[in-house]
>>> print(open('work_6.txt').read())   # compact mmCIF, C-alpha atoms
# COMPACT_ATOMS: atom_id res chain seq x y z
CA MET A 237 -0.54 -68.97 4.42
CA PRO A 238 -3.67 -66.97 5.27
CA GLU A 239 -4.83 -67.24 8.84
CA GLU A 240 -7.56 -69.68 9.53
CA ASN A 241 -9.40 -71.02 12.47
CA SER A 242 -8.43 -74.67 12.37
CA ASP A 243 -10.57 -75.53 15.41
CA SER A 244 -13.55 -74.20 13.66
CA ASP A 245 -12.68 -76.07 10.47
CA TYR A 246 -12.24 -79.21 12.52
CA ASP A 247 -15.67 -78.76 14.10
CA LEU A 248 -17.30 -77.98 10.80
CA VAL A 249 -15.82 -81.06 9.15
CA HIS A 250 -16.91 -83.30 12.01
CA ARG A 251 -20.37 -81.85 12.09
CA PHE A 252 -20.65 -82.32 8.32
CA LEU A 253 -19.51 -85.93 8.59
CA ASN A 254 -22.20 -86.45 11.21
CA GLY A 255 -24.81 -85.39 8.71
CA ASP A 256 -25.03 -81.63 9.23
CA GLU A 257 -25.16 -80.20 5.71
CA GLN A 258 -25.15 -76.64 7.02
CA SER A 259 -21.55 -77.14 8.14
CA PHE A 260 -20.54 -77.85 4.58
CA ASN A 261 -22.29 -74.65 3.52
CA GLN A 262 -20.29 -72.73 6.11
CA LEU A 263 -17.04 -74.23 4.85
CA ALA A 264 -17.97 -73.48 1.27
CA ARG A 265 -18.83 -69.87 2.10
CA LYS A 266 -15.58 -69.49 3.96
CA TYR A 267 -13.37 -70.63 1.08
CA GLN A 268 -15.42 -69.99 -2.08
CA ALA A 269 -13.96 -66.55 -2.81
CA LYS A 270 -10.39 -67.83 -2.51
CA ILE A 271 -11.20 -70.79 -4.76
CA TYR A 272 -12.87 -68.48 -7.25
CA TRP A 273 -10.01 -66.00 -7.44
CA HIS A 274 -7.36 -68.65 -7.90
CA ALA A 275 -9.40 -70.25 -10.68
CA ARG A 276 -10.23 -66.88 -12.17
CA ARG A 277 -6.59 -65.78 -12.35
CA MET A 278 -5.59 -69.14 -13.78
CA THR A 279 -8.26 -69.26 -16.50
CA GLY A 280 -8.68 -65.56 -17.18
CA ASN A 281 -12.45 -65.66 -17.37
CA HIS A 282 -15.46 -65.93 -15.12
CA LEU A 283 -17.36 -68.84 -16.62
CA ASP A 284 -14.41 -71.21 -16.51
CA ALA A 285 -13.62 -70.10 -12.97
CA ASP A 286 -17.22 -70.73 -11.99
CA GLU A 287 -17.01 -74.27 -13.42
CA ILE A 288 -13.85 -74.91 -11.42
CA VAL A 289 -15.47 -73.62 -8.21
CA GLN A 290 -18.30 -76.10 -8.73
CA GLU A 291 -15.86 -78.93 -9.41
CA VAL A 292 -13.79 -78.11 -6.33
CA LEU A 293 -16.87 -78.01 -4.11
CA LEU A 294 -17.94 -81.36 -5.47
CA VAL A 295 -14.54 -82.90 -4.70
CA ILE A 296 -14.61 -81.41 -1.20
CA PHE A 297 -18.14 -82.68 -0.62
CA ASN A 298 -17.28 -86.20 -1.76
CA LYS A 299 -13.84 -86.53 -0.23
CA LEU A 300 -14.18 -84.71 3.03
CA LYS A 301 -14.81 -88.04 4.76
CA ASN A 302 -11.24 -89.08 3.83
CA PHE A 303 -9.66 -85.86 5.10
CA ASN A 304 -7.50 -86.68 8.12
CA PHE A 305 -6.23 -83.23 9.17
CA LYS A 306 -2.61 -84.15 8.47
CA SER A 307 -2.47 -80.78 6.73
CA SER A 308 -4.74 -77.82 7.38
CA LEU A 309 -8.10 -77.85 5.66
CA PHE A 310 -7.11 -74.71 3.79
CA THR A 311 -4.00 -76.41 2.35
CA TRP A 312 -6.09 -79.40 1.30
CA ILE A 313 -8.72 -77.22 -0.37
CA TYR A 314 -6.04 -75.16 -2.04
CA ARG A 315 -4.37 -78.27 -3.38
CA ILE A 316 -7.67 -79.43 -4.86
CA THR A 317 -8.20 -75.98 -6.38
CA ILE A 318 -4.73 -75.96 -7.96
CA THR A 319 -5.12 -79.45 -9.41
CA ARG A 320 -8.65 -78.81 -10.70
CA SER A 321 -7.61 -75.51 -12.28
CA ILE A 322 -4.62 -77.01 -14.09
CA ASN A 323 -6.64 -80.01 -15.23
CA TYR A 324 -9.46 -77.78 -16.41
CA ILE A 325 -7.02 -75.75 -18.50
CA LYS A 326 -5.54 -78.93 -19.97
CA LYS A 327 -9.00 -80.22 -20.87
CA GLN A 328 -9.84 -76.89 -22.47
CA LYS A 329 -6.68 -77.13 -24.57
CA LEU A 330 -7.57 -80.65 -25.65
CA ARG A 331 -11.09 -79.43 -26.40
CA ARG A 332 -9.70 -76.70 -28.65
CA PHE A 333 -7.23 -79.08 -30.26
CA ILE A 334 -9.94 -81.45 -31.45
CA SER A 335 -13.16 -79.63 -31.92
CA PHE A 336 -16.15 -80.40 -34.09
CA ASP A 337 -17.53 -76.91 -33.58
CA SER A 338 -16.46 -73.95 -35.64
CA PRO A 339 -13.58 -72.03 -34.01
CA GLU A 340 -15.79 -68.98 -33.39
CA ASN A 341 -17.88 -70.97 -30.92
CA ILE A 342 -14.92 -71.86 -28.76
CA GLY A 343 -13.41 -69.72 -26.06
CA LEU A 344 -16.32 -67.37 -25.66
CA ALA A 345 -16.54 -68.08 -21.99
CA SER A 346 -16.11 -64.51 -20.88
CA ASP A 347 -18.57 -62.84 -18.60
CA GLU A 348 -17.54 -59.85 -16.58
CA ASN A 349 -20.91 -59.37 -14.89
CA VAL A 350 -19.55 -60.59 -11.59
CA VAL A 351 -17.51 -57.41 -11.38
CA LYS A 352 -19.83 -54.41 -11.32
CA ASN A 353 -17.46 -51.48 -11.12
CA ILE A 354 -16.19 -50.29 -14.55
CA GLN A 355 -12.72 -49.47 -13.23
CA ASP A 356 -12.50 -52.91 -11.66
CA LYS A 357 -13.51 -54.48 -14.95
CA GLU A 358 -10.70 -52.67 -16.70
CA LYS A 359 -8.19 -53.70 -14.05
CA LEU A 360 -9.27 -57.30 -14.29
CA LYS A 361 -9.01 -57.27 -18.06
CA LYS A 362 -5.47 -55.91 -17.90
CA LEU A 363 -4.44 -58.44 -15.28
CA ASP A 364 -6.01 -61.33 -17.22
CA LYS A 365 -4.12 -60.28 -20.33
CA VAL A 366 -0.80 -60.32 -18.51
CA LEU A 367 -1.40 -63.60 -16.71
CA GLN A 368 -2.71 -65.43 -19.75
CA HIS A 369 0.62 -64.78 -21.50
CA LEU A 370 2.44 -66.89 -18.95
CA PRO A 371 2.76 -70.66 -19.39
CA GLU A 372 0.42 -72.47 -16.96
CA LYS A 373 3.08 -73.62 -14.53
CA GLN A 374 4.68 -70.18 -14.29
CA ARG A 375 1.24 -68.62 -14.01
CA GLU A 376 0.37 -70.94 -11.17
CA ILE A 377 3.52 -70.13 -9.21
CA PHE A 378 3.22 -66.43 -9.94
CA ILE A 379 -0.33 -66.37 -8.59
CA LEU A 380 0.51 -68.38 -5.50
CA ARG A 381 3.57 -66.31 -4.69
CA HIS A 382 2.59 -62.84 -5.75
CA PHE A 383 -1.15 -62.66 -5.18
CA ASP A 384 -1.70 -65.25 -2.49
CA GLU A 385 1.61 -64.28 -0.86
CA LEU A 386 2.52 -67.84 0.00
CA SER A 387 6.09 -68.75 0.93
CA TYR A 388 8.07 -71.08 -1.34
CA GLU A 389 7.85 -73.78 1.30
CA GLU A 390 4.07 -73.52 1.32
CA ILE A 391 3.92 -73.59 -2.47
CA ALA A 392 6.25 -76.60 -2.49
CA GLN A 393 3.91 -78.34 -0.06
CA LEU A 394 0.93 -77.57 -2.28
CA THR A 395 2.44 -78.39 -5.63
CA GLY A 396 4.99 -81.06 -4.72
CA LYS A 397 7.75 -79.12 -6.49
CA SER A 398 11.18 -78.23 -5.15
CA VAL A 399 11.80 -74.78 -3.67
CA GLY A 400 14.72 -74.23 -6.08
CA GLY A 401 12.55 -75.05 -9.11
CA LEU A 402 9.79 -72.80 -7.83
CA LYS A 403 12.18 -69.88 -7.36
CA ALA A 404 13.53 -70.29 -10.89
CA ASN A 405 10.02 -70.47 -12.31
CA TYR A 406 8.91 -67.41 -10.38
CA PHE A 407 11.94 -65.46 -11.57
CA HIS A 408 11.19 -66.30 -15.23
CA ALA A 409 7.53 -65.51 -14.74
CA PHE A 410 8.36 -62.14 -13.21
CA GLU A 411 10.72 -61.33 -16.09
CA LYS A 412 7.89 -61.95 -18.55
CA VAL A 413 5.42 -59.96 -16.48
CA ILE A 414 7.79 -56.96 -16.43
CA LYS A 415 8.09 -57.07 -20.22
CA LEU A 416 4.33 -57.37 -20.63
CA MET A 417 3.61 -54.54 -18.22
CA ASP A 418 6.24 -52.36 -19.91
CA ASN A 419 4.59 -53.01 -23.27
CA LYS A 420 1.21 -52.06 -21.89
CA ASN A 421 2.44 -48.93 -20.20
CA GLY A 422 4.69 -47.89 -23.04
CA MET B 281 16.85 -58.37 -14.87
CA ASP B 282 19.62 -59.32 -12.46
CA LYS B 283 18.83 -62.53 -10.57
CA GLN B 284 20.46 -61.41 -7.34
CA THR B 285 18.54 -58.15 -7.31
CA PHE B 286 15.35 -60.13 -7.91
CA GLU B 287 16.18 -62.46 -5.04
CA ARG B 288 16.60 -59.46 -2.74
CA PHE B 289 13.30 -58.05 -3.88
CA ASP B 290 11.67 -61.43 -3.42
CA LYS B 291 13.03 -61.81 0.11
CA THR B 292 11.41 -58.58 1.25
CA PHE B 293 8.13 -59.42 -0.51
CA PRO B 294 5.40 -58.43 0.26
CA LEU B 295 7.02 -55.51 2.10
CA GLN B 296 8.57 -54.06 -1.06
CA GLY B 297 10.31 -50.74 -0.95
CA ILE B 298 11.07 -50.66 2.76
CA GLU B 299 14.65 -51.90 2.74
CA VAL B 300 15.61 -50.62 -0.68
CA GLU B 301 15.71 -46.99 0.24
CA ASN B 302 17.87 -47.53 3.35
CA ARG B 303 20.64 -49.50 1.75
CA GLY B 304 22.53 -47.04 -0.40
CA GLU B 305 22.34 -49.30 -3.48
CA ASP B 306 24.41 -48.59 -6.55
CA SER B 307 22.29 -46.88 -9.17
CA LYS B 308 21.78 -49.96 -11.41
CA ASN B 309 20.61 -52.17 -8.58
CA SER B 310 18.39 -49.55 -7.04
CA GLY B 311 16.96 -48.80 -10.48
CA GLU B 312 16.03 -52.45 -10.94
CA LEU B 313 14.65 -52.74 -7.44
CA ASN B 314 12.55 -49.67 -7.97
CA GLN B 315 11.23 -51.11 -11.20
CA LEU B 316 10.35 -54.38 -9.48
CA ASN B 317 8.59 -52.51 -6.69
CA LYS B 318 6.71 -50.38 -9.18
CA ILE B 319 5.52 -53.39 -11.19
CA SER B 320 4.62 -55.21 -8.03
CA LYS B 321 2.52 -52.30 -6.81
CA GLU B 322 0.82 -51.98 -10.18
CA LEU B 323 -0.05 -55.66 -10.11
CA SER B 324 -1.43 -55.39 -6.60
CA LEU B 325 -3.55 -52.49 -7.74
CA LEU B 326 -4.87 -54.49 -10.71
CA ASN B 327 -5.60 -57.32 -8.33
CA SER B 328 -7.68 -55.23 -5.94
CA VAL B 329 -11.00 -56.14 -7.49
CA ASP B 330 -14.13 -57.13 -5.62
CA VAL B 331 -16.36 -59.83 -6.92
CA ASP B 332 -20.09 -59.21 -6.79
CA GLN B 333 -21.55 -60.63 -3.57
CA ASN B 334 -24.64 -61.69 -5.51
CA TYR B 335 -22.49 -64.07 -7.52
CA LEU B 336 -20.96 -65.58 -4.39
CA SER B 337 -24.41 -66.18 -2.98
CA THR B 338 -25.37 -68.20 -6.08
CA ILE B 339 -22.48 -70.67 -5.77
CA LEU B 340 -24.03 -73.00 -3.19
CA PRO B 341 -27.55 -73.13 -4.65
CA LYS B 342 -25.99 -73.93 -8.03
CA PHE B 343 -23.86 -76.62 -6.42
CA TYR B 344 -26.86 -78.35 -4.81
CA GLU B 345 -28.84 -78.05 -8.01
CA LYS B 346 -26.03 -79.79 -9.90
CA GLN B 347 -25.73 -82.41 -7.16
CA GLU B 348 -29.42 -83.14 -7.46
CA ARG B 349 -29.16 -83.44 -11.25
CA ARG B 350 -26.18 -85.78 -10.94
CA ARG B 351 -28.00 -87.90 -8.39
CA TYR B 352 -31.02 -88.12 -10.69
CA GLN B 353 -28.85 -88.98 -13.71
CA PHE B 354 -27.05 -91.59 -11.66
CA SER B 355 -30.23 -93.26 -10.43
CA PHE B 356 -31.82 -92.94 -13.86
CA GLY B 357 -28.69 -94.50 -15.36
CA LYS B 358 -28.88 -97.31 -12.85
CA LEU B 359 -32.55 -97.81 -13.65
CA VAL B 360 -31.86 -97.90 -17.38
CA TYR B 361 -28.99 -100.29 -16.76
CA SER B 362 -31.11 -102.64 -14.67
CA ALA B 363 -33.93 -102.40 -17.19
CA THR B 364 -31.50 -103.22 -20.00
CA LEU B 365 -30.13 -106.10 -18.00
CA ALA B 366 -33.63 -107.43 -17.37
CA VAL B 367 -34.60 -107.11 -21.04
CA THR B 368 -31.36 -108.81 -22.11
CA THR B 369 -32.02 -111.67 -19.72
CA ILE B 370 -35.56 -112.08 -21.04
CA VAL B 371 -34.30 -112.05 -24.63
CA ILE B 372 -31.62 -114.64 -23.87
CA VAL B 373 -34.13 -116.88 -22.13
CA PHE B 374 -36.61 -116.41 -24.94
CA VAL B 375 -34.02 -117.14 -27.64
CA SER B 376 -32.75 -120.20 -25.76
CA PHE B 377 -36.24 -121.64 -25.51
CA ARG B 378 -37.10 -120.93 -29.12
CA ASN B 379 -34.39 -123.41 -30.04
CA ILE B 380 -33.21 -121.71 -33.20
CA PRO B 381 -31.09 -124.02 -35.38
CA LYS B 382 -27.44 -123.10 -34.87
CA THR B 383 -26.68 -123.12 -38.57
CA GLU B 384 -29.12 -120.33 -39.16
CA MET B 385 -27.54 -118.13 -36.51
CA VAL B 386 -24.06 -118.78 -37.83
CA PHE B 387 -25.25 -117.96 -41.29
CA GLN B 388 -26.70 -114.66 -40.04
CA ASN B 389 -23.50 -113.73 -38.29
CA ASN B 390 -21.35 -114.55 -41.26
CA GLY B 391 -23.59 -112.56 -43.48
CA THR B 392 -23.24 -109.46 -41.38
CA GLN B 393 -19.50 -109.81 -41.09
CA THR B 394 -19.01 -110.29 -44.80
CA GLN B 395 -21.23 -107.39 -45.53
CA ILE B 396 -19.34 -105.07 -43.18
CA SER B 397 -15.85 -106.12 -44.13
CA SER B 398 -16.57 -105.52 -47.79
CA TYR B 399 -17.32 -101.86 -47.16
CA SER B 400 -14.72 -99.35 -48.06
CA GLU B 401 -14.83 -95.62 -48.79
CA ASP B 402 -15.71 -96.50 -52.39
CA SER B 403 -18.50 -98.86 -51.40
CA TYR B 404 -20.88 -95.94 -51.21
CA ILE B 405 -20.15 -94.78 -54.74
CA ALA B 406 -22.68 -96.34 -57.01
CA SER B 407 -21.41 -98.02 -60.14
CA ALA B 408 -22.65 -96.61 -63.44
CA ASP B 409 -25.52 -99.05 -63.81
CA GLN B 410 -26.77 -98.25 -60.31
CA PHE B 411 -27.54 -94.61 -61.11
CA SER B 412 -31.25 -94.08 -61.30
CA ASP B 413 -33.94 -91.67 -60.27
CA THR B 414 -35.15 -93.88 -57.43
CA VAL B 415 -34.58 -92.59 -53.95
CA VAL B 416 -32.12 -94.79 -52.10
CA ASP B 417 -33.03 -95.66 -48.55
CA ASP B 418 -30.05 -94.43 -46.58
CA THR B 419 -31.54 -94.63 -43.09
CA ASN B 420 -29.11 -97.37 -42.14
CA LEU B 421 -26.13 -95.76 -43.79
CA GLN B 422 -24.80 -94.09 -40.64
CA THR B 423 -25.10 -97.33 -38.67
CA GLU B 424 -23.29 -99.18 -41.41
CA ILE B 425 -20.52 -96.59 -41.53
CA ASP B 426 -20.17 -96.80 -37.74
CA ASN B 427 -20.08 -100.59 -37.88
CA SER B 428 -17.51 -100.46 -40.64
CA ILE B 429 -15.25 -98.14 -38.62
CA THR B 430 -15.71 -100.35 -35.57
CA GLN B 431 -14.71 -103.43 -37.57
CA SER B 432 -11.65 -101.66 -38.98
CA ILE B 433 -10.49 -100.62 -35.52
CA SER B 434 -10.88 -104.19 -34.26
CA ALA B 435 -9.06 -105.54 -37.30
CA ASN B 436 -6.15 -103.20 -36.57
CA GLY B 437 -5.80 -104.81 -33.17
CA SER B 438 -6.79 -101.67 -31.30
CA GLY B 439 -8.92 -103.66 -28.89
CA SER B 440 -12.64 -103.71 -28.53
CA SER B 441 -13.14 -100.97 -25.95
CA TYR B 442 -13.60 -97.63 -27.68
CA ASN B 443 -16.19 -95.02 -28.45
CA LEU B 444 -16.88 -93.29 -31.72
CA ILE B 445 -16.77 -89.53 -31.24
CA LYS B 446 -18.97 -87.76 -33.71
CA ASN B 447 -19.48 -84.36 -32.14
CA ASP B 448 -18.38 -82.02 -29.37
CA THR B 449 -20.88 -83.48 -26.92
CA ASP B 450 -19.39 -86.97 -27.32
CA TYR B 451 -15.92 -85.50 -27.05
CA ASP B 452 -16.81 -83.54 -23.91
CA LYS B 453 -18.15 -86.73 -22.34
CA VAL B 454 -14.86 -88.49 -23.01
CA LEU B 455 -12.86 -85.56 -21.62
CA THR B 456 -15.04 -85.44 -18.52
CA GLN B 457 -14.53 -89.14 -17.88
CA LEU B 458 -10.73 -88.96 -18.11
CA ASN B 459 -9.08 -89.36 -14.76
CA ASP B 460 -6.13 -87.16 -13.78
CA GLU B 461 -3.54 -89.72 -14.81
CA GLU B 462 -5.09 -90.33 -18.23
CA LEU B 463 -5.42 -86.61 -18.82
CA GLU B 464 -1.79 -86.00 -17.86
CA ASN B 465 -0.72 -88.86 -20.12
CA ILE B 466 -2.53 -87.58 -23.20
CA TYR B 467 -1.58 -83.99 -22.53
CA SER B 468 2.13 -84.69 -22.10
CA GLN B 469 2.18 -86.89 -25.20
CA LEU B 470 0.69 -84.06 -27.25
CA GLN B 471 3.14 -81.63 -25.70
CA ASP B 472 6.06 -83.93 -26.48
CA VAL B 473 5.20 -83.84 -30.17
CA LYS B 474 4.68 -80.05 -29.93
CA ILE B 475 1.01 -80.28 -30.83
CA LEU B 476 -0.10 -78.44 -27.70
>>> encode(input="work_6.txt", output="structure tokens")
Amino acid sequence: MPEENSDSDYDLVHRFLNGDEQSFNQLARKYQAKIYWHARRMTGNHLDADEIVQEVLLVIFNKLKNFNFKSSLFTWIYRITITRSINYIKKQKLRRFISFDSPENIGLASDENVVKNIQDKEKLKKLDKVLQHLPEKQREIFILRHFDELSYEEIAQLTGKSVGGLKANYFHAFEKVIKLMDNKNG
Amino acid sequence: MDKQTFERFDKTFPLQGIEVENRGEDSKNSGELNQLNKISKELSLLNSVDVDQNYLSTILPKFYEKQERRRYQFSFGKLVYSATLAVTTIVIVFVSFRNIPKTEMVFQNNGTQTQISSYSEDSYIASADQFSDTVVDDTNLQTEIDNSITQSISANGSGSSYNLIKNDTDYDKVLTQLNDEELENIYSQLQDVKIL
């Protein structure tokens, strides 16, 4: 799990609970990029990721008073991010399943303006294509293990799944990724 | 891909490539390990993207703006609710004091019910002698259709708590209001029948 200054988190949370809104801003700034990238890799586009970031911040803002430091703040925030991302994707699927709009108006939530560099844009597009081919649960584990470099124990703690199940899922995800990357390169 | 080879790769992750070269692997295994390392490096390269700092600086202002809007909507909603409650109370008091004969009210209710229950899809098709050049007032048609659907749902025993969804905005509202458990329930049911 990435290093964090738990004392500082502890102070920030307490200061926020005592009415100091600036402390919440500090917490948000500290974790917003991590929240964004998890959501971005899960959804494959910026606008959806941005929505999730806003949702996660709202949950943190409203529920921070119930946070009891039984886990680290980072783990708690990450768990919220994972749940919100998965739920957002499910809602999007339901939205597509029953829609009153014409199909062309759905799924246009793609905005690459947050990445300025052209090479980076290309990289991101390639990565999104690969990840979006994985089923959500495999995608989630793949992201947590491969990009966030979390251990299986940490992922199990975050997702509530067994280490054995996670390993199997990661293996299958990696198999698919290899095929997809081979197709792209070949 | 061989599972054992993958497990070995996974154990050394994220330090891929370090142990592989020193182990004198047989050619198949080392070939697979090399492939895994190569893919892993490619992925890491694709992942090395920086997000625009300007975007990150907009997150918090947007959050507070949304918070403010929600707070306003919430208090406005509460205001509307209390206003509605007050108006309803006044109407009830007013109606009670007007002392309307009960028979008349019952008659009105029955009339509405009969009228609604007699609607069917064909009810809106005019019979031959009803065709004319006069413009039919259809301002209440949508309300009547809605009432008719509402009655049908009640008659089917589907309870009285439901919303009619007529467009994406209504649908979005419903989706937004779903809690995690309800969402999971609906989603897994649709997955079970292979719809999603």
>>> interface_residues(input="work_6.txt", of="chain B", to="chain A", cutoff="10 Å", atoms="all atoms listed in the file", output="VMD selection string")
chain B and resid 281 to 283 286 to 287 290 to 291 293 to 294 315 to 316 318 to 320 322 to 337 339 to 344 346 to 347 445 to 452 455 to 456 458 to 460 463 to 464 466 to 468 470 475 to 476
>>> write_last_selection(input="work_6.txt", atoms="C-alpha atoms", output="mmCIF file, in the frame of the given file")
data_model
loop_
_atom_site.group_PDB
_atom_site.id
_atom_site.type_symbol
_atom_site.label_atom_id
_atom_site.label_comp_id
_atom_site.auth_asym_id
_atom_site.auth_seq_id
_atom_site.Cartn_x
_atom_site.Cartn_y
_atom_site.Cartn_z
ATOM 1 C CA MET B 281 16.850 -58.370 -14.870
ATOM 2 C CA ASP B 282 19.620 -59.320 -12.460
ATOM 3 C CA LYS B 283 18.830 -62.530 -10.570
ATOM 4 C CA PHE B 286 15.350 -60.130 -7.910
ATOM 5 C CA GLU B 287 16.180 -62.460 -5.040
ATOM 6 C CA ASP B 290 11.670 -61.430 -3.420
ATOM 7 C CA LYS B 291 13.030 -61.810 0.110
ATOM 8 C CA PHE B 293 8.130 -59.420 -0.510
ATOM 9 C CA PRO B 294 5.400 -58.430 0.260
ATOM 10 C CA GLN B 315 11.230 -51.110 -11.200
ATOM 11 C CA LEU B 316 10.350 -54.380 -9.480
ATOM 12 C CA LYS B 318 6.710 -50.380 -9.180
ATOM 13 C CA ILE B 319 5.520 -53.390 -11.190
ATOM 14 C CA SER B 320 4.620 -55.210 -8.030
ATOM 15 C CA GLU B 322 0.820 -51.980 -10.180
ATOM 16 C CA LEU B 323 -0.050 -55.660 -10.110
ATOM 17 C CA SER B 324 -1.430 -55.390 -6.600
ATOM 18 C CA LEU B 325 -3.550 -52.490 -7.740
ATOM 19 C CA LEU B 326 -4.870 -54.490 -10.710
ATOM 20 C CA ASN B 327 -5.600 -57.320 -8.330
ATOM 21 C CA SER B 328 -7.680 -55.230 -5.940
ATOM 22 C CA VAL B 329 -11.000 -56.140 -7.490
ATOM 23 C CA ASP B 330 -14.130 -57.130 -5.620
ATOM 24 C CA VAL B 331 -16.360 -59.830 -6.920
ATOM 25 C CA ASP B 332 -20.090 -59.210 -6.790
ATOM 26 C CA GLN B 333 -21.550 -60.630 -3.570
ATOM 27 C CA ASN B 334 -24.640 -61.690 -5.510
ATOM 28 C CA TYR B 335 -22.490 -64.070 -7.520
ATOM 29 C CA LEU B 336 -20.960 -65.580 -4.390
ATOM 30 C CA SER B 337 -24.410 -66.180 -2.980
ATOM 31 C CA ILE B 339 -22.480 -70.670 -5.770
ATOM 32 C CA LEU B 340 -24.030 -73.000 -3.190
ATOM 33 C CA PRO B 341 -27.550 -73.130 -4.650
ATOM 34 C CA LYS B 342 -25.990 -73.930 -8.030
ATOM 35 C CA PHE B 343 -23.860 -76.620 -6.420
ATOM 36 C CA TYR B 344 -26.860 -78.350 -4.810
ATOM 37 C CA LYS B 346 -26.030 -79.790 -9.900
ATOM 38 C CA GLN B 347 -25.730 -82.410 -7.160
ATOM 39 C CA ILE B 445 -16.770 -89.530 -31.240
ATOM 40 C CA LYS B 446 -18.970 -87.760 -33.710
ATOM 41 C CA ASN B 447 -19.480 -84.360 -32.140
ATOM 42 C CA ASP B 448 -18.380 -82.020 -29.370
ATOM 43 C CA THR B 449 -20.880 -83.480 -26.920
ATOM 44 C CA ASP B 450 -19.390 -86.970 -27.320
ATOM 45 C CA TYR B 451 -15.920 -85.500 -27.050
ATOM 46 C CA ASP B 452 -16.810 -83.540 -23.910
ATOM 47 C CA LEU B 455 -12.860 -85.560 -21.620
ATOM 48 C CA THR B 456 -15.040 -85.440 -18.520
ATOM 49 C CA LEU B 458 -10.730 -88.960 -18.110
ATOM 50 C CA ASN B 459 -9.080 -89.360 -14.760
ATOM 51 C CA ASP B 460 -6.130 -87.160 -13.780
ATOM 52 C CA LEU B 463 -5.420 -86.610 -18.820
ATOM 53 C CA GLU B 464 -1.790 -86.000 -17.860
ATOM 54 C CA ILE B 466 -2.530 -87.580 -23.200
ATOM 55 C CA TYR B 467 -1.580 -83.990 -22.530
ATOM 56 C CA SER B 468 2.130 -84.690 -22.100
ATOM 57 C CA LEU B 470 0.690 -84.060 -27.250
ATOM 58 C CA ILE B 475 1.010 -80.280 -30.830
ATOM 59 C CA LEU B 476 -0.100 -78.440 -27.700
#
>>> atom_distance(input="work_6.txt", atom1="atom CA of Leu394 of chain A", atom2="atom CA of Arg315 of chain A")
5.5 Å
>>> atom_distance(input="work_6.txt", atom1="atom CA of Ile271 of chain A", atom2="atom CA of Leu283 of chain A")
13.5 Å
>>> closest_residue(input="work_6.txt", among="A:Gln374, A:Arg276, A:Asp245, A:Gly255", to="Phe303 of chain A", atoms="only C-alpha atoms")
A:Asp245
>>> atom_distance(input="work_6.txt", atom1="atom CA of Ser321 of chain A", atom2="atom CA of Gly280 of chain A")
11.1 Å
